[in-house]
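Coordinates from coords.pdb are shown below (PDB, C-alpha atoms).
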ATOM      1  CA  MET A 159     -27.622   9.019  -3.741
ATOM      2  CA  SER A 160     -24.059   7.769  -3.502
ATOM      3  CA  VAL A 161     -20.628   9.109  -4.442
ATOM      4  CA  THR A 162     -17.675   6.905  -5.456
ATOM      5  CA  VAL A 163     -14.064   8.086  -5.443
ATOM      6  CA  ARG A 164     -11.171   6.172  -6.976
ATOM      7  CA  VAL A 165      -7.851   6.712  -5.207
ATOM      8  CA  PRO A 166      -4.382   5.390  -6.143
ATOM      9  CA  ALA A 167      -1.596   3.523  -4.391
ATOM     10  CA  LYS A 168       1.837   5.085  -4.088
ATOM     11  CA  VAL A 169       5.444   4.039  -4.266
ATOM     12  CA  ASN A 170       8.157   6.015  -2.498
ATOM     13  CA  VAL A 171      10.836   6.547  -5.145
ATOM     14  CA  GLN A 172      12.904   8.351  -2.515
ATOM     15  CA  LEU A 173      12.430   7.835   1.209
ATOM     16  CA  ALA A 174      15.178   9.636   3.103
ATOM     17  CA  VAL A 175      14.677   9.345   6.857
ATOM     18  CA  GLY A 176      16.160  11.552   9.560
ATOM     19  CA  GLY A 177      16.667  10.653  13.202
ATOM     20  CA  ALA A 178      13.786  10.358  15.641
ATOM     21  CA  ARG A 179      12.316  13.689  16.762
ATOM     22  CA  PRO A 180      11.213  14.419  20.345
ATOM     23  CA  ASP A 181       7.600  13.762  19.276
ATOM     24  CA  GLY A 182       8.559  10.285  18.020
ATOM     25  CA  PHE A 183       8.160  11.135  14.333
ATOM     26  CA  HIS A 184      11.039  11.399  11.860
ATOM     27  CA  ASP A 185      11.759  14.203   9.418
ATOM     28  CA  LEU A 186      11.514  12.889   5.871
ATOM     29  CA  ALA A 187      12.415  13.732   2.319
ATOM     30  CA  ASN A 188       9.785  11.524   0.782
ATOM     31  CA  VAL A 189       9.167  11.529  -2.972
ATOM     32  CA  PHE A 190       5.832   9.915  -3.754
ATOM     33  CA  LEU A 191       4.760   8.587  -7.150
ATOM     34  CA  ALA A 192       1.122   7.558  -7.559
ATOM     35  CA  VAL A 193       0.640   4.276  -9.431
ATOM     36  CA  GLY A 194      -2.302   2.605 -11.097
ATOM     37  CA  LEU A 195      -3.508   0.288  -8.350
ATOM     38  CA  TYR A 196      -6.705   1.686  -6.872
ATOM     39  CA  ASP A 197      -9.190   1.430  -4.049
ATOM     40  CA  GLU A 198     -12.711   2.708  -4.633
ATOM     41  CA  VAL A 199     -14.547   4.358  -1.743
ATOM     42  CA  THR A 200     -18.323   4.780  -1.968
ATOM     43  CA  VAL A 201     -20.356   6.822   0.523
ATOM     44  CA  ARG A 202     -24.110   7.124   0.857
ATOM     45  CA  PRO A 203     -26.468   8.492   3.510
ATOM     46  CA  ALA A 204     -27.127   6.136   6.436
ATOM     47  CA  PRO A 205     -28.688   6.243   9.922
ATOM     48  CA  SER A 206     -25.179   6.248  11.444
ATOM     49  CA  LEU A 207     -21.524   5.980  10.441
ATOM     50  CA  THR A 208     -20.764   2.445   9.278
ATOM     51  CA  ILE A 209     -18.018   0.842   7.174
ATOM     52  CA  THR A 210     -17.888  -2.252   4.990
ATOM     53  CA  CYS A 211     -15.018  -3.590   2.910
ATOM     54  CA  THR A 212     -14.528  -6.115   0.119
ATOM     55  CA  GLY A 213     -11.517  -7.238  -1.894
ATOM     56  CA  PRO A 214      -8.084  -8.766  -1.212
ATOM     57  CA  GLY A 215      -7.050  -8.416   2.418
ATOM     58  CA  CYS A 216     -10.396  -6.972   3.487
ATOM     59  CA  ASP A 217     -10.366  -9.173   6.605
ATOM     60  CA  GLN A 218      -7.406  -7.088   7.853
ATOM     61  CA  VAL A 219      -9.198  -3.737   7.417
ATOM     62  CA  PRO A 220     -10.693  -2.263  10.609
ATOM     63  CA  LEU A 221     -14.410  -1.579  10.351
ATOM     64  CA  ASP A 222     -14.615   0.797  13.306
ATOM     65  CA  ARG A 223     -13.720   4.417  14.042
ATOM     66  CA  THR A 224      -9.980   3.629  13.823
ATOM     67  CA  ASN A 225     -10.322   3.334  10.030
ATOM     68  CA  LEU A 226      -8.977   6.486   8.364
ATOM     69  CA  ALA A 227     -12.045   6.608   6.122
ATOM     70  CA  ALA A 228     -14.291   6.873   9.193
ATOM     71  CA  ARG A 229     -12.012   9.452  10.784
ATOM     72  CA  ALA A 230     -12.085  11.498   7.569
ATOM     73  CA  ALA A 231     -15.883  11.586   7.602
ATOM     74  CA  GLU A 232     -15.905  12.587  11.274
ATOM     75  CA  LEU A 233     -13.343  15.376  10.884
ATOM     76  CA  LEU A 234     -15.063  16.870   7.848
ATOM     77  CA  ALA A 235     -18.470  16.700   9.513
ATOM     78  CA  ALA A 236     -17.132  18.291  12.716
ATOM     79  CA  ARG A 237     -15.700  21.235  10.772
ATOM     80  CA  HIS A 238     -19.135  21.941   9.310
ATOM     81  CA  GLY A 239     -21.261  21.165  12.355
ATOM     82  CA  ILE A 240     -23.047  18.198  10.787
ATOM     83  CA  SER A 241     -23.397  14.554  11.737
ATOM     84  CA  PRO A 242     -21.239  12.004   9.855
ATOM     85  CA  ASP A 243     -24.161   9.714   9.097
ATOM     86  CA  VAL A 244     -22.860   7.780   6.095
ATOM     87  CA  HIS A 245     -22.219   4.230   5.059
ATOM     88  CA  ILE A 246     -18.668   3.942   3.690
ATOM     89  CA  HIS A 247     -17.873   0.997   1.450
ATOM     90  CA  ILE A 248     -14.236   0.327   0.546
ATOM     91  CA  ALA A 249     -13.513  -1.866  -2.484
ATOM     92  CA  LYS A 250      -9.875  -2.847  -1.879
ATOM     93  CA  ASP A 251      -7.312  -3.458  -4.576
ATOM     94  CA  ILE A 252      -4.308  -1.720  -2.944
ATOM     95  CA  PRO A 253      -2.375  -4.220  -0.783
ATOM     96  CA  VAL A 254      -3.302  -4.017   2.893
ATOM     97  CA  ALA A 255      -0.378  -3.166   5.242
ATOM     98  CA  GLY A 256       1.866  -3.359   2.188
ATOM     99  CA  GLY A 257       3.698  -0.041   2.261
ATOM    100  CA  MET A 258       1.598   1.436  -0.554
ATOM    101  CA  ALA A 259      -0.611   3.762   1.542
ATOM    102  CA  GLY A 260      -3.859   1.831   1.106
ATOM    103  CA  GLY A 261      -5.308   3.040   4.406
ATOM    104  CA  SER A 262      -4.257   6.600   3.623
ATOM    105  CA  ALA A 263      -5.851   6.308   0.186
ATOM    106  CA  ASP A 264      -9.130   5.246   1.796
ATOM    107  CA  GLY A 265      -8.999   8.254   4.113
ATOM    108  CA  ALA A 266      -8.487  10.653   1.210
ATOM    109  CA  GLY A 267     -11.155   8.906  -0.851
ATOM    110  CA  ALA A 268     -13.732   9.059   1.921
ATOM    111  CA  LEU A 269     -12.941  12.718   2.572
ATOM    112  CA  LEU A 270     -13.532  13.750  -1.036
ATOM    113  CA  ALA A 271     -16.586  11.516  -1.383
ATOM    114  CA  CYS A 272     -18.226  12.949   1.762
ATOM    115  CA  ASP A 273     -17.438  16.503   0.670
ATOM    116  CA  VAL A 274     -19.258  15.879  -2.617
ATOM    117  CA  LEU A 275     -22.132  13.934  -1.024
ATOM    118  CA  TRP A 276     -22.767  16.700   1.510
ATOM    119  CA  GLY A 277     -22.381  19.465  -1.098
ATOM    120  CA  LEU A 278     -19.774  21.292   0.978
ATOM    121  CA  GLY A 279     -17.550  22.484  -1.863
ATOM    122  CA  SER A 280     -14.484  22.549   0.394
ATOM    123  CA  SER A 281     -11.360  24.173  -0.991
ATOM    124  CA  ARG A 282      -8.334  22.086  -1.877
ATOM    125  CA  GLU A 283      -6.484  23.753   1.011
ATOM    126  CA  GLU A 284      -9.175  22.756   3.520
ATOM    127  CA  LEU A 285      -9.191  19.162   2.305
ATOM    128  CA  LEU A 286      -5.387  18.976   2.450
ATOM    129  CA  SER A 287      -5.467  20.369   5.992
ATOM    130  CA  ILE A 288      -7.800  17.570   7.075
ATOM    131  CA  CYS A 289      -5.656  15.039   5.216
ATOM    132  CA  ALA A 290      -2.569  16.171   7.146
ATOM    133  CA  GLU A 291      -4.515  15.751  10.384
ATOM    134  CA  LEU A 292      -5.395  12.195   9.373
ATOM    135  CA  GLY A 293      -1.845  11.033   8.619
ATOM    136  CA  SER A 294       1.460  11.667   6.902
ATOM    137  CA  ASP A 295       0.612   9.909   3.602
ATOM    138  CA  VAL A 296      -3.008  11.052   3.271
ATOM    139  CA  PRO A 297      -2.389  14.426   1.566
ATOM    140  CA  PHE A 298      -0.523  12.764  -1.301
ATOM    141  CA  SER A 299      -3.357  10.277  -1.833
ATOM    142  CA  LEU A 300      -5.591  13.260  -2.549
ATOM    143  CA  VAL A 301      -3.089  14.969  -4.877
ATOM    144  CA  GLY A 302      -1.559  12.061  -6.858
ATOM    145  CA  GLY A 303       1.010  12.481  -9.632
ATOM    146  CA  ALA A 304       4.402  13.013  -8.009
ATOM    147  CA  ALA A 305       5.303  15.119  -4.998
ATOM    148  CA  LEU A 306       7.972  15.710  -2.393
ATOM    149  CA  GLY A 307       6.747  15.286   1.152
ATOM    150  CA  THR A 308       8.742  16.958   3.919
ATOM    151  CA  GLY A 309       8.229  17.344   7.662
ATOM    152  CA  ARG A 310       6.827  13.932   8.553
ATOM    153  CA  GLY A 311       5.784  13.642   4.891
ATOM    154  CA  GLU A 312       2.601  15.698   4.994
ATOM    155  CA  GLN A 313       4.026  18.989   3.646
ATOM    156  CA  LEU A 314       3.740  18.534  -0.109
ATOM    157  CA  THR A 315       5.488  20.156  -3.038
ATOM    158  CA  GLU A 316       4.163  18.803  -6.326
ATOM    159  CA  LEU A 317       6.820  17.658  -8.793
ATOM    160  CA  GLU A 318       6.725  17.676 -12.567
ATOM    161  CA  VAL A 319       6.619  14.172 -14.005
ATOM    162  CA  ARG A 320       6.566  13.227 -17.675
ATOM    163  CA  GLY A 321       6.228  10.008 -19.575
ATOM    164  CA  THR A 322       5.173   6.667 -18.170
ATOM    165  CA  PHE A 323       7.137   4.543 -15.733
ATOM    166  CA  HIS A 324       6.541   0.782 -15.754
ATOM    167  CA  TRP A 325       6.381  -1.018 -12.417
ATOM    168  CA  VAL A 326       5.886  -4.463 -10.952
ATOM    169  CA  PHE A 327       4.783  -4.845  -7.345
ATOM    170  CA  ALA A 328       5.326  -8.124  -5.529
ATOM    171  CA  MET A 329       3.000  -8.782  -2.603
ATOM    172  CA  ALA A 330       4.290 -10.712   0.383
ATOM    173  CA  ASP A 331       2.282 -12.805   2.814
ATOM    174  CA  GLY A 332       1.228 -10.785   5.834
ATOM    175  CA  GLY A 333       1.983  -7.140   6.494
ATOM    176  CA  LEU A 334       4.511  -4.943   8.240
ATOM    177  CA  SER A 335       3.525  -2.252  10.729
ATOM    178  CA  THR A 336       4.922   1.147   9.764
ATOM    179  CA  PRO A 337       5.612   2.131  13.409
ATOM    180  CA  VAL A 338       7.423  -1.178  13.958
ATOM    181  CA  VAL A 339       9.597  -0.613  10.874
ATOM    182  CA  PHE A 340      10.479   2.900  12.052
ATOM    183  CA  GLY A 341      11.295   1.415  15.457
ATOM    184  CA  GLU A 342      13.656  -1.048  13.806
ATOM    185  CA  PHE A 343      15.220   1.835  11.855
ATOM    186  CA  ASP A 344      15.901   3.551  15.183
ATOM    187  CA  ARG A 345      17.352   0.358  16.653
ATOM    188  CA  LEU A 346      19.652  -0.212  13.679
ATOM    189  CA  ASN A 347      20.847   3.405  13.843
ATOM    190  CA  ALA A 348      21.245   3.617  17.621
ATOM    191  CA  GLY A 349      24.350   5.636  18.412
ATOM    192  CA  VAL A 350      24.688   6.769  14.793
ATOM    193  CA  ALA A 351      24.472  10.406  13.720
ATOM    194  CA  VAL A 352      21.623  10.130  11.191
ATOM    195  CA  PRO A 353      21.958  12.933   8.608
ATOM    196  CA  ASP A 354      19.096  15.300   7.878
ATOM    197  CA  PRO A 355      17.027  14.044   4.932
ATOM    198  CA  VAL A 356      17.595  15.896   1.657
ATOM    199  CA  ALA A 357      15.604  15.600  -1.573
ATOM    200  CA  SER A 358      17.582  14.205  -4.505
ATOM    201  CA  PRO A 359      17.981  16.614  -7.463
ATOM    202  CA  ALA A 360      18.880  13.678  -9.718
ATOM    203  CA  LEU A 361      15.655  11.895  -8.866
ATOM    204  CA  ALA A 362      13.558  15.002  -9.474
ATOM    205  CA  ALA A 363      15.283  15.450 -12.832
ATOM    206  CA  ALA A 364      14.580  11.834 -13.794
ATOM    207  CA  LEU A 365      10.874  12.284 -13.047
ATOM    208  CA  ARG A 366      10.805  15.571 -14.941
ATOM    209  CA  THR A 367      12.381  14.053 -18.068
ATOM    210  CA  GLY A 368      10.669  10.655 -17.901
ATOM    211  CA  ASP A 369      14.056   8.884 -17.867
ATOM    212  CA  ALA A 370      13.515   5.407 -16.402
ATOM    213  CA  ALA A 371      17.222   4.506 -16.326
ATOM    214  CA  ALA A 372      18.080   7.705 -14.453
ATOM    215  CA  LEU A 373      15.199   7.115 -12.042
ATOM    216  CA  ALA A 374      16.483   3.589 -11.434
ATOM    217  CA  ASP A 375      19.891   4.981 -10.473
ATOM    218  CA  ALA A 376      18.317   7.425  -8.015
ATOM    219  CA  LEU A 377      15.818   5.166  -6.200
ATOM    220  CA  VAL A 378      16.483   4.932  -2.457
ATOM    221  CA  ASN A 379      14.601   3.814   0.642
ATOM    222  CA  ASP A 380      16.263   4.371   4.019
ATOM    223  CA  LEU A 381      13.679   2.070   5.632
ATOM    224  CA  GLN A 382      14.700  -0.883   3.453
ATOM    225  CA  PRO A 383      17.379  -2.234   5.856
ATOM    226  CA  ALA A 384      14.839  -2.163   8.683
ATOM    227  CA  ALA A 385      12.194  -3.937   6.584
ATOM    228  CA  LEU A 386      14.734  -6.575   5.530
ATOM    229  CA  SER A 387      15.816  -7.022   9.145
ATOM    230  CA  LEU A 388      12.218  -7.736  10.130
ATOM    231  CA  ARG A 389      11.431  -9.786   7.011
ATOM    232  CA  PRO A 390      14.694 -11.318   5.632
ATOM    233  CA  SER A 391      12.766 -13.295   2.997
ATOM    234  CA  LEU A 392      12.204 -10.064   1.043
ATOM    235  CA  ALA A 393      15.854 -10.202  -0.081
ATOM    236  CA  ALA A 394      15.077 -13.216  -2.272
ATOM    237  CA  THR A 395      12.163 -11.383  -3.876
ATOM    238  CA  LEU A 396      14.341  -8.354  -4.646
ATOM    239  CA  SER A 397      17.066 -10.576  -6.111
ATOM    240  CA  THR A 398      14.588 -12.496  -8.285
ATOM    241  CA  GLY A 399      13.201  -9.326  -9.836
ATOM    242  CA  MET A 400      16.650  -7.958 -10.614
ATOM    243  CA  SER A 401      17.748 -11.242 -12.167
ATOM    244  CA  ALA A 402      14.649 -11.112 -14.385
ATOM    245  CA  GLY A 403      15.739  -7.777 -15.860
ATOM    246  CA  ALA A 404      14.360  -5.028 -13.621
ATOM    247  CA  LEU A 405      16.235  -1.744 -13.834
ATOM    248  CA  ALA A 406      15.993  -1.345 -10.063
ATOM    249  CA  SER A 407      14.252  -2.812  -7.049
ATOM    250  CA  LEU A 408      13.343  -1.559  -3.609
ATOM    251  CA  VAL A 409      11.034  -2.170  -0.709
ATOM    252  CA  SER A 410       7.943   0.019  -1.123
ATOM    253  CA  GLY A 411       7.739   2.384   1.841
ATOM    254  CA  SER A 412       7.767   0.371   5.066
ATOM    255  CA  GLY A 413       7.080  -2.857   3.146
ATOM    256  CA  PRO A 414       6.602  -5.704   2.804
ATOM    257  CA  THR A 415       5.534  -5.025  -0.801
ATOM    258  CA  THR A 416       8.564  -4.832  -3.097
ATOM    259  CA  ALA A 417       8.717  -2.630  -6.199
ATOM    260  CA  PHE A 418      10.539  -3.173  -9.483
ATOM    261  CA  LEU A 419      11.092  -0.483 -12.109
ATOM    262  CA  THR A 420      11.389  -1.797 -15.667
ATOM    263  CA  LYS A 421      12.323  -0.364 -19.029
ATOM    264  CA  ASP A 422       8.957  -0.993 -20.689
ATOM    265  CA  ALA A 423       5.716  -2.974 -20.548
ATOM    266  CA  ASP A 424       7.307  -6.162 -21.919
ATOM    267  CA  GLY A 425      10.007  -5.954 -19.287
ATOM    268  CA  ALA A 426       7.382  -5.582 -16.582
ATOM    269  CA  GLU A 427       5.538  -8.689 -17.769
ATOM    270  CA  ALA A 428       8.792 -10.671 -17.783
ATOM    271  CA  VAL A 429       9.662  -9.593 -14.242
ATOM    272  CA  ALA A 430       6.150 -10.371 -12.993
ATOM    273  CA  SER A 431       6.261 -13.831 -14.583
ATOM    274  CA  ALA A 432       9.626 -14.595 -12.994
ATOM    275  CA  LEU A 433       8.448 -13.438  -9.595
ATOM    276  CA  MET A 434       5.296 -15.559  -9.737
ATOM    277  CA  SER A 435       7.158 -18.693 -10.796
ATOM    278  CA  SER A 436       9.878 -18.190  -8.153
ATOM    279  CA  GLY A 437       7.621 -18.735  -5.171
ATOM    280  CA  THR A 438       9.180 -15.730  -3.414
ATOM    281  CA  CYS A 439       5.947 -13.698  -3.309
ATOM    282  CA  ARG A 440       2.202 -14.188  -3.004
ATOM    283  CA  ALA A 441       1.266 -12.168  -6.095
ATOM    284  CA  ALA A 442       2.807  -9.805  -8.638
ATOM    285  CA  ARG A 443       1.011  -6.868 -10.215
ATOM    286  CA  VAL A 444       2.017  -4.892 -13.294
ATOM    287  CA  THR A 445       1.080  -1.222 -13.526
ATOM    288  CA  THR A 446       2.342   2.233 -14.436
ATOM    289  CA  GLY A 447       2.838   5.658 -12.911
ATOM    290  CA  PRO A 448       2.095   8.467 -12.543
ATOM    291  CA  ALA A 449      -1.590   8.170 -11.709
ATOM    292  CA  ARG A 450      -4.183  10.776 -10.841
ATOM    293  CA  GLY A 451      -5.031  11.447  -7.219
ATOM    294  CA  ALA A 452      -8.455  10.943  -5.643
ATOM    295  CA  THR A 453     -11.069  11.292  -8.398
ATOM    296  CA  VAL A 454     -14.866  11.115  -8.369
ATOM    297  CA  VAL A 455     -16.020   8.385 -10.765
TER     298      VAL A 455
END

Translate this structure into structure tokens?
Amino acid sequence: MSVTVRVPAKVNVQLAVGGARPDGFHDLANVFLAVGLYDEVTVRPAPSLTITCTGPGCDQVPLDRTNLAARAAELLAARHGISPDVHIHIAKDIPVAGGMAGGSADGAGALLACDVLWGLGSSREELLSICAELGSDVPFSLVGGAALGTGRGEQLTELEVRGTFHWVFAMADGGLSTPVVFGEFDRLNAGVAVPDPVASPALAAALRTGDAAALADALVNDLQPAALSLRPSLAATLSTGMSAGALASLVSGSGPTTAFLTKDADGAEAVASALMSSGTCRAARVTTGPARGATVV
């Protein structure tokens, strides 16, 4: 028997970042939108916990106990006094180290898949508790849709979202480490009084009404200057997408993937074509949001 869970990527349509806390984390007002790029996580019984991975960037995915999918299986098993003896296979399609929560998605996918495989019937609250233990972005990967994450991003309030938003994601060569990007944020803001992060009412209203132009006006990522400082070439990618007709552009999360919101599907195809012909990115993907969270397939 095996269980497969499909889990989406995310884009941060608002990422407001506060100053560094004593524990090293930052308070966030982080509005997630799930988008239709997916990893699939399959679990089946095995003599011991093992992980395999296929797909773009799979050579960068750890295949040991540091992988969030493995940690998810271990945490769930420990709560129920069982052994995490499963083989976890990750079929990657979310960019690796691209600021789209691919590792977090795999953690959420493995958690749900193991819960079903082992017949545990865990409550949503229990699964979200384990997700929060795994990492700041993992709870949203389970929930999907749109949500505001506060604290370090793990405390979720689901947001109403209507309509369909059209996106293009441009993948850069290599990755960016989230801790390194936050470190650069701290360096750039040294000696500056960083304001407390506050959720944007205008952005929430744009999601609620399905207004792409209003969403474009409200998009913000406080980590973007840090990502651009570490990877200046991303500026050319952002400029290319805007010149091709995107309503707005931003670095996705900690980068280096860049995101472009467009008016419609035709606009998305035009932006993707311009990005691919410009030579400023490795690949460009067209998709839409919102998308469902982790789902058994």

#### Entry: Nearby residues, (-6.7, 12.3, -11.2) file frame, 10 Å, only C-alpha atoms, as a ChimeraX atom specification
/A:164-166,192,300-303,448-454

### Message
Residue by residue, what does the PyMOL selection byres ((chain A and resi 341) around 12) grab here? Present the result as an NGL selection string.
### Response
:A and (177-178 or 182-184 or 334-340 or 342-348 or 381 or 383-385 or 387-388 or 412)

### Message
One decimal, in Å: what's the spacing between atom CA of A:Ala268 and atom CA of A:Leu234?
### Response
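So the two atoms, atom CA of A:Ala268 and atom CA of A:Leu234, lie 9.9 Å apart.
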
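Interatomic distance, atom CA of A:Leu221 against atom CA of A:Pro253: 16.6 Å.
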
### Message
Nearest residue to A:Pro355 out of A:Thr308, A:Thr162, A:Gln218, A:Thr416, using all atoms listed in the file?
### Response
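Result for the nearest residue to A:Pro355: A:Thr308.
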
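Minimum distance to A:Pro353 across A:Glu232, A:Glu318, A:Asp185, A:Asp295 (counting all atoms listed in the file) occurs at A:Asp185.
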
### Query
Which of these, A:Leu386, A:Ala372, A:Ala404, A:Val356, has the shortest distance to A:Ala432 once you count all atoms listed in the file?
A:Ala404

If you apply the PyMOL selection byres ((chain A and resi 275-283) around 10) to this file, what residues do you get, as an mmCIF file with C-alpha atoms, in the frame of the given file?
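Now in selection_7.cif:
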data_model
loop_
_atom_site.group_PDB
_atom_site.id
_atom_site.type_symbol
_atom_site.label_atom_id
_atom_site.label_comp_id
_atom_site.auth_asym_id
_atom_site.auth_seq_id
_atom_site.Cartn_x
_atom_site.Cartn_y
_atom_site.Cartn_z
ATOM 1 C CA MET A 159 -27.622 9.019 -3.741
ATOM 2 C CA SER A 160 -24.059 7.769 -3.502
ATOM 3 C CA VAL A 161 -20.628 9.109 -4.442
ATOM 4 C CA THR A 162 -17.675 6.905 -5.456
ATOM 5 C CA THR A 200 -18.323 4.780 -1.968
ATOM 6 C CA VAL A 201 -20.356 6.822 0.523
ATOM 7 C CA ARG A 202 -24.110 7.124 0.857
ATOM 8 C CA PRO A 203 -26.468 8.492 3.510
ATOM 9 C CA LEU A 234 -15.063 16.870 7.848
ATOM 10 C CA ALA A 235 -18.470 16.700 9.513
ATOM 11 C CA HIS A 238 -19.135 21.941 9.310
ATOM 12 C CA ILE A 240 -23.047 18.198 10.787
ATOM 13 C CA PRO A 242 -21.239 12.004 9.855
ATOM 14 C CA VAL A 244 -22.860 7.780 6.095
ATOM 15 C CA LEU A 269 -12.941 12.718 2.572
ATOM 16 C CA LEU A 270 -13.532 13.750 -1.036
ATOM 17 C CA ALA A 271 -16.586 11.516 -1.383
ATOM 18 C CA CYS A 272 -18.226 12.949 1.762
ATOM 19 C CA ASP A 273 -17.438 16.503 0.670
ATOM 20 C CA VAL A 274 -19.258 15.879 -2.617
ATOM 21 C CA GLU A 284 -9.175 22.756 3.520
ATOM 22 C CA LEU A 285 -9.191 19.162 2.305
ATOM 23 C CA LEU A 286 -5.387 18.976 2.450
ATOM 24 C CA SER A 287 -5.467 20.369 5.992
ATOM 25 C CA ILE A 288 -7.800 17.570 7.075
ATOM 26 C CA CYS A 289 -5.656 15.039 5.216
ATOM 27 C CA LEU A 300 -5.591 13.260 -2.549
ATOM 28 C CA VAL A 301 -3.089 14.969 -4.877
#

So that all listed atoms of stretch 442-450 of chain A fit with 8 Å spare on each side, what axis-aligned box centre and edge lengths in Å, to one decimal, would you give as AutoDock Vina command-line options?
--center_x -0.7 --center_y 0.5 --center_z -11.5 --size_x 23.0 --size_y 36.6 --size_z 21.8

### Message
Report, in Å to a single decimal, how far apart atom CA of A:Thr210 and atom CA of A:Asp222 are.
### Response
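A separation of 9.4 Å between them.
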
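When the distance limit is 10 Å and only C-alpha atoms are what count, the residues near A:Ala330, minus those fewer than 3 positions from it on the same chain, are Pro253, Gly256, Phe327, Gly333, Leu334, Arg389, Ser391, Leu392, Thr395, Gly413, Pro414, Thr415, Thr416, Thr438, Cys439, Arg440, Ala441 and Ala442 of chain A.
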
### Task
Would you write out, as an MDAnalysis selection string, every residue that the PyMOL selection byres ((chain A and resi 172) around 8) captures in this file?
chainID A and resid 170:171 173:174 187:190 357:358 361 376:379

Write a file of the selected residues as a PDB file, in the frame of the given file, keeping C-alpha atoms.
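Saved to selection_36.pdb:
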ATOM      1  CA  ASN A 170       8.157   6.015  -2.498  1.00  0.00           C
ATOM      2  CA  VAL A 171      10.836   6.547  -5.145  1.00  0.00           C
ATOM      3  CA  LEU A 173      12.430   7.835   1.209  1.00  0.00           C
ATOM      4  CA  ALA A 174      15.178   9.636   3.103  1.00  0.00           C
ATOM      5  CA  ALA A 187      12.415  13.732   2.319  1.00  0.00           C
ATOM      6  CA  ASN A 188       9.785  11.524   0.782  1.00  0.00           C
ATOM      7  CA  VAL A 189       9.167  11.529  -2.972  1.00  0.00           C
ATOM      8  CA  PHE A 190       5.832   9.915  -3.754  1.00  0.00           C
ATOM      9  CA  ALA A 357      15.604  15.600  -1.573  1.00  0.00           C
ATOM     10  CA  SER A 358      17.582  14.205  -4.505  1.00  0.00           C
ATOM     11  CA  LEU A 361      15.655  11.895  -8.866  1.00  0.00           C
ATOM     12  CA  ALA A 376      18.317   7.425  -8.015  1.00  0.00           C
ATOM     13  CA  LEU A 377      15.818   5.166  -6.200  1.00  0.00           C
ATOM     14  CA  VAL A 378      16.483   4.932  -2.457  1.00  0.00           C
ATOM     15  CA  ASN A 379      14.601   3.814   0.642  1.00  0.00           C
TER      16      ASN A 379
END

### Task
Choose the residue, out of A:Val326, A:Leu317, A:Leu191, A:Ile248, that has the smallest atom-to-atom separation from A:Ser407; count only C-alpha atoms.
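Smallest distance to A:Ser407 is found for A:Val326.
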
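Using all atoms listed in the file, the smallest distance between any of A:Gly257, A:Pro220, A:Gly194, A:Gly447 and A:Thr322 comes from A:Gly447.
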
### Message
Counting all atoms listed in the file, which residue out of A:Arg237, A:Arg229, A:Arg310, A:His247 sits closest to A:Asp181?
### Response
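Of A:Arg237, A:Arg229, A:Arg310, A:His247, the one nearest A:Asp181 is A:Arg310, counting all atoms listed in the file.
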
### Query
Residues at most 8 Å from A:Ala228, counting all atoms listed in the file, excluding those fewer than 3 positions away in the same chain, as an MDAnalysis selection string?
chainID A and resid 207:209 222:225 231:232 246 265 268

### Task
Find the spatial neighbours of A:Ala259, counting all atoms listed in the file, within a cut-off of 9 Å - ignore same-chain residues fewer than 6 positions away - and output them as a VMD selection string.
chain A and resid 166 to 169 252 to 253 295 to 296 299 411

### Message
For a cutoff of 10 Å around the file-coordinate point (12.9, -0.4, -18.6), which residues qualify once you count all atoms listed in the file? I'd like the result as a count of residues only.
### Response
20
